[in-house]
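Colleague: Right, I'll just put the structure down here and ask away after.
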Amino acid sequence: MVDATVSFDRKDMASPDTLQPSFAQPPAGRTVSVGNAGALAAYADFCGIALSAPAQGAHWVRHWIAEARPDAILATMSLGGMPVLALALEVVRSGPFRIARLMGGRHANGNFPAADRIWLRSAGIEDIQPLIAGIAAARPDIDLITLERLLPELDGLPNPLACLPSFPSPNLSLAADLRGGFDNFLGRASGKRKRKKHRSQIRKFEAVGPYRRVEARTPQEAHAMLEAFFAMKAVRFGRMGIADVFGDPAVRAFFHALFSGALKDETPLFVLHGLEVAGKLRAVTGSSVSAKRLICEFGAIADDGLSHASPGDFLFFENIQEACDRGFEVYDFSVGDEPYKRLWCDAEVRHFDVLAPLNPKGRILAPGLRQTARLKAFVKNSPSVWRLAKLLRRKAAGQAAAPTEGDN
């Protein structure tokens, strides 16, 4: 793909035939640069001073480009010659359609684009339109831009993409408010029972052998912990009767590079923790750091003789306690409403999705995607229907019900 720069004055505006009406009249004075992977250095420079969620940060984008080798789009809007907003997208095919989505696909959650903090305070729809129009002008082969699982706000600032027409994401996200410290948090979350259970778990672990909570601090430790996680997850997905989203070798290589590469920084933005009992990893979590938010990106437990002792729940106790000690204000369990998360969480975060058709084909596709999202929301937000759906899915795979504790 050839890099392109579009300046939005009247003679340069994209044709209304290629855009939604709301994107047809971008204001003058904005400049949009749309590049491919070759624009990564400039994107990373901006991320170094901008606010962004982990999956739009330079570290994530760099490694996804290197390992997944997507058809990458790095779009940056500047105002007065200074960048104020940037999006990292990848183009994928869906039947006859070309769709631009946030880089990382379904692995990217709680999304927030790289944006200038001062600019965010006053950004409106007229400030976002040029970026969409610039992408449409530079890549006329794209039919639709889909931006999913967008975080409403980050570090007290609103997501600028909320200015675009949007709708709630099908999946709820759960989080725990850590302000006031761990004792204060437990006081709101059945702390006496949790501490009693924690002591009971320690006795069960010690009956098997020595136990310890570990953090991956070397590439070798990160590799071993991720391999254990992938193995746990493969078993879990098989029992659930669904495809293993971590099964693609490129996806596994990405996560290896992501967590190993993060260790080069003094304060890693991506960290792995595990619970080891008798020399074996029984639970693993992978987390990201975003401002004052610690996000559990994924987690899994071993399907063995100790699963009854809830090793995932034990690891969450330890992780949340350390997050409080380090001054984090939120422990984010990320996307997915599961009973084990409800045991810890006191806040719901409703992400939102944006669909931006860029041409007639995109306008044909968009209603179907919206309807699919509504159907998913209905199923997942109706406890009885969701239980039935999961039961039917397991039966179709010939599996019995599997424990969900500790799995993201």
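The chains in the structure tokens are called A, B, ... from first to last as shown; in each chain the residues are counted from 1, and the ligands are counted from 1 in the order shown.
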Would you pick out the contacts of A:Ser334 at 12 Å or less, using only C-alpha atoms, so that residues sharing its chain but fewer than 5 positions from it are not included, and give the list as a VMD selection string?
Modeller: chain A and resid 107 to 111 149 to 151 171 to 176 286 to 288 293 to 299 341 345 347 to 351 407 to 408
Colleague: If you keep N, CA, C and O atoms, can you produce a file of those selected residues as a CSV table (one decimal), in the first residue's frame?
Modeller:
chain,number,residue,atom,x,y,z
A,107,HIS,N,-8.6,-10.3,19.8
A,107,HIS,CA,-7.7,-10.2,20.9
A,107,HIS,C,-7.6,-8.8,21.5
A,107,HIS,O,-7.0,-8.6,22.6
A,108,ALA,N,-8.1,-7.8,20.8
A,108,ALA,CA,-8.0,-6.4,21.2
A,108,ALA,C,-9.3,-6.0,21.9
A,108,ALA,O,-10.3,-6.0,21.3
A,109,ASN,N,-9.2,-5.7,23.2
A,109,ASN,CA,-10.3,-5.4,24.0
A,109,ASN,C,-10.1,-4.1,24.7
A,109,ASN,O,-9.0,-3.7,25.0
A,110,GLY,N,-11.2,-3.4,25.2
A,110,GLY,CA,-11.1,-2.2,25.9
A,110,GLY,C,-10.3,-1.2,25.1
A,110,GLY,O,-9.4,-0.5,25.6
A,111,ASN,N,-10.7,-1.0,23.8
A,111,ASN,CA,-9.9,-0.2,22.9
A,111,ASN,C,-10.1,1.3,23.0
A,111,ASN,O,-11.3,1.8,23.3
A,149,ARG,N,-15.5,-3.1,20.7
A,149,ARG,CA,-15.1,-3.2,22.1
A,149,ARG,C,-14.3,-1.9,22.5
A,149,ARG,O,-13.2,-2.0,23.1
A,150,LEU,N,-14.9,-0.8,22.3
A,150,LEU,CA,-14.3,0.5,22.6
A,150,LEU,C,-14.6,0.9,24.0
A,150,LEU,O,-15.7,0.8,24.5
A,151,LEU,N,-13.6,1.3,24.7
A,151,LEU,CA,-13.7,1.8,26.1
A,151,LEU,C,-14.4,3.2,26.1
A,151,LEU,O,-13.9,4.1,25.4
A,171,ASN,N,-20.8,-7.8,24.6
A,171,ASN,CA,-20.2,-8.4,25.8
A,171,ASN,C,-20.0,-7.3,26.8
A,171,ASN,O,-19.4,-6.2,26.5
A,172,LEU,N,-20.4,-7.5,28.0
A,172,LEU,CA,-20.2,-6.7,29.2
A,172,LEU,C,-18.8,-6.9,29.6
A,172,LEU,O,-18.2,-7.9,29.5
A,173,SER,N,-18.2,-5.8,30.2
A,173,SER,CA,-16.8,-5.9,30.8
A,173,SER,C,-17.0,-5.6,32.3
A,173,SER,O,-17.8,-4.7,32.7
A,174,LEU,N,-16.3,-6.3,33.1
A,174,LEU,CA,-16.4,-6.2,34.6
A,174,LEU,C,-15.1,-5.7,35.2
A,174,LEU,O,-14.0,-6.0,34.7
A,175,ALA,N,-15.2,-4.9,36.3
A,175,ALA,CA,-14.0,-4.4,36.9
A,175,ALA,C,-14.2,-4.2,38.4
A,175,ALA,O,-15.3,-4.2,38.9
A,176,ALA,N,-13.1,-4.0,39.1
A,176,ALA,CA,-13.1,-3.8,40.5
A,176,ALA,C,-12.5,-2.5,40.9
A,176,ALA,O,-11.4,-2.2,40.4
A,286,GLY,N,-2.4,-13.2,32.1
A,286,GLY,CA,-1.7,-12.2,31.3
A,286,GLY,C,-2.4,-10.9,31.5
A,286,GLY,O,-3.6,-10.7,31.2
A,287,SER,N,-1.6,-9.8,31.9
A,287,SER,CA,-2.2,-8.5,32.2
A,287,SER,C,-1.5,-7.4,31.4
A,287,SER,O,-0.3,-7.6,31.0
A,288,SER,N,-2.2,-6.3,31.2
A,288,SER,CA,-1.6,-5.1,30.6
A,288,SER,C,-1.9,-4.0,31.6
A,288,SER,O,-2.7,-4.0,32.4
A,293,ARG,N,-4.9,1.6,35.5
A,293,ARG,CA,-5.8,0.4,35.3
A,293,ARG,C,-4.9,-0.8,35.1
A,293,ARG,O,-4.1,-0.8,34.2
A,294,LEU,N,-5.1,-1.9,35.8
A,294,LEU,CA,-4.4,-3.2,35.5
A,294,LEU,C,-5.5,-4.1,34.9
A,294,LEU,O,-6.5,-4.3,35.5
A,295,ILE,N,-5.2,-4.5,33.7
A,295,ILE,CA,-6.2,-5.3,32.9
A,295,ILE,C,-5.8,-6.7,32.8
A,295,ILE,O,-4.8,-7.0,32.3
A,296,CYS,N,-6.7,-7.6,33.2
A,296,CYS,CA,-6.5,-9.0,33.0
A,296,CYS,C,-6.9,-9.4,31.6
A,296,CYS,O,-8.1,-9.5,31.3
A,297,GLU,N,-6.0,-9.5,30.7
A,297,GLU,CA,-6.3,-9.7,29.3
A,297,GLU,C,-6.7,-11.2,29.1
A,297,GLU,O,-7.5,-11.5,28.2
A,298,PHE,N,-6.2,-12.1,29.8
A,298,PHE,CA,-6.6,-13.5,29.7
A,298,PHE,C,-6.1,-14.3,31.0
A,298,PHE,O,-5.3,-13.8,31.7
A,299,GLY,N,-6.7,-15.4,31.1
A,299,GLY,CA,-6.4,-16.3,32.2
A,299,GLY,C,-6.9,-17.7,32.0
A,299,GLY,O,-7.7,-17.9,31.2
A,341,LYS,N,-15.9,-13.9,37.8
A,341,LYS,CA,-15.6,-12.4,37.8
A,341,LYS,C,-16.5,-11.7,38.7
A,341,LYS,O,-16.1,-10.7,39.4
A,345,CYS,N,-15.9,-8.3,41.3
A,345,CYS,CA,-16.2,-7.1,40.6
A,345,CYS,C,-17.4,-6.3,41.2
A,345,CYS,O,-18.3,-6.9,41.6
A,347,ALA,N,-18.1,-3.2,39.5
A,347,ALA,CA,-18.4,-2.2,38.4
A,347,ALA,C,-18.6,-2.9,37.1
A,347,ALA,O,-17.8,-3.8,36.8
A,348,GLU,N,-19.5,-2.4,36.3
A,348,GLU,CA,-19.7,-2.8,35.0
A,348,GLU,C,-19.3,-1.8,34.0
A,348,GLU,O,-19.6,-0.6,34.2
A,349,VAL,N,-18.6,-2.2,32.9
A,349,VAL,CA,-18.2,-1.3,31.9
A,349,VAL,C,-18.8,-1.7,30.6
A,349,VAL,O,-18.6,-2.9,30.1
A,350,ARG,N,-19.6,-0.9,30.0
A,350,ARG,CA,-20.3,-1.3,28.7
A,350,ARG,C,-19.5,-0.7,27.6
A,350,ARG,O,-19.5,0.5,27.4
A,351,HIS,N,-18.7,-1.5,26.9
A,351,HIS,CA,-18.0,-1.0,25.7
A,351,HIS,C,-19.0,-0.7,24.6
A,351,HIS,O,-20.2,-1.1,24.7
A,407,ASP,N,-10.9,-18.7,34.1
A,407,ASP,CA,-10.7,-18.6,32.6
A,407,ASP,C,-11.3,-17.4,32.1
A,407,ASP,O,-12.4,-17.0,32.3
A,408,ASN,N,-10.5,-16.7,31.2
A,408,ASN,CA,-11.0,-15.5,30.5
A,408,ASN,C,-11.1,-16.0,29.0
A,408,ASN,O,-10.3,-16.6,28.5
Colleague: Once DSSP has gone over the backbone, tell me which residues of stretch 68-239 of chain A are in strand (DSSP E or B), as a ChimeraX atom specification.
Modeller: /A:71-79,82-94,97-102,111,114-115,144-150,153-154,157-158,166-177,211-215
Colleague: Give me the stretch 264-341 of chain A side of the contact with stretch 40-58 of chain A, cut-off 8 Å, one line per residue showing its nearest atom pair and distance in Å at one decimal, counting only C-alpha atoms, sorted by chain and residue number, as a tab-separated table.
Modeller:
residue	atom	partner	partner_atom	distance
A:Leu269	CA	A:Pro54	CA	7.9
A:Ser288	CA	A:Pro54	CA	6.7
A:Val289	CA	A:Pro54	CA	7.1
A:Ser290	CA	A:Ala53	CA	6.0
Colleague: For each of A:Val91, A:Ile99, A:Ala137, A:Leu263, take the minimum atom-to-atom distance to A:Lys361, counting only C-alpha atoms, then give the residue where this is smallest.
Modeller: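 Of all the options, A:Ile99 lies closest to A:Lys361.
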Colleague: Report the distance between atom CA of A:Lys197 and atom CA of A:Asp337 in Å, rounded to one decimal place.
Modeller: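 According to the coordinates, atom CA of A:Lys197 and atom CA of A:Asp337 are separated by 22.5 Å.
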Colleague: Which distance in Å separates atom CA of A:Leu74 and atom CA of A:Thr267, to one decimal?
Modeller: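 Computing it gives 26.0 Å between the two atoms.
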Colleague: I'd like the neighbourhood of A:Gly187 as a list in words, where a residue qualifies if any of its atoms comes within 12 Å (using only C-alpha atoms), though same-chain residues fewer than 5 positions away should be ignored.
Modeller: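 That gives Asp177, Leu178, Gly180, Gly181, Phe182, Lys192, Arg193, Lys194, Arg195, Trp344 and Asp346 of chain A.
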Colleague: Measuring atom to atom with only C-alpha atoms, identify which of A:Ile242, A:Ala250, A:Val34, A:Ala189 is nearest to A:Ala68.
Modeller: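 Comparing A:Ile242, A:Ala250, A:Val34, A:Ala189 against A:Ala68, the winner is A:Ala250.
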Colleague: Using only C-alpha atoms, which protein or nucleic acid residues come within 10 Å of A:Ala123? Drop anything in the same chain fewer than 3 positions from it, and give the result as a PDB file with C-alpha atoms, in the first residue's frame.
Modeller:
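Contents of the output file selection_9.pdb:
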ATOM      1  CA  VAL A  84      -3.785  14.654  17.650  1.00  0.00           C
ATOM      2  CA  ILE A 118      -5.545  18.311  25.517  1.00  0.00           C
ATOM      3  CA  TRP A 119      -7.284  17.798  22.178  1.00  0.00           C
ATOM      4  CA  LEU A 120      -9.504  15.091  23.722  1.00  0.00           C
ATOM      5  CA  GLU A 126     -16.352  17.405  13.271  1.00  0.00           C
ATOM      6  CA  ASP A 127     -12.896  16.514  14.601  1.00  0.00           C
ATOM      7  CA  ILE A 128     -13.293  12.777  13.934  1.00  0.00           C
ATOM      8  CA  PRO A 158     -13.773  10.414  26.831  1.00  0.00           C
ATOM      9  CA  ASN A 159     -13.146   8.131  23.889  1.00  0.00           C
ATOM     10  CA  PRO A 160     -13.236  10.411  20.812  1.00  0.00           C
ATOM     11  CA  LEU A 161     -14.713   7.608  18.704  1.00  0.00           C
ATOM     12  CA  CYS A 163     -18.720  10.895  18.615  1.00  0.00           C
TER      13      CYS A 163
END
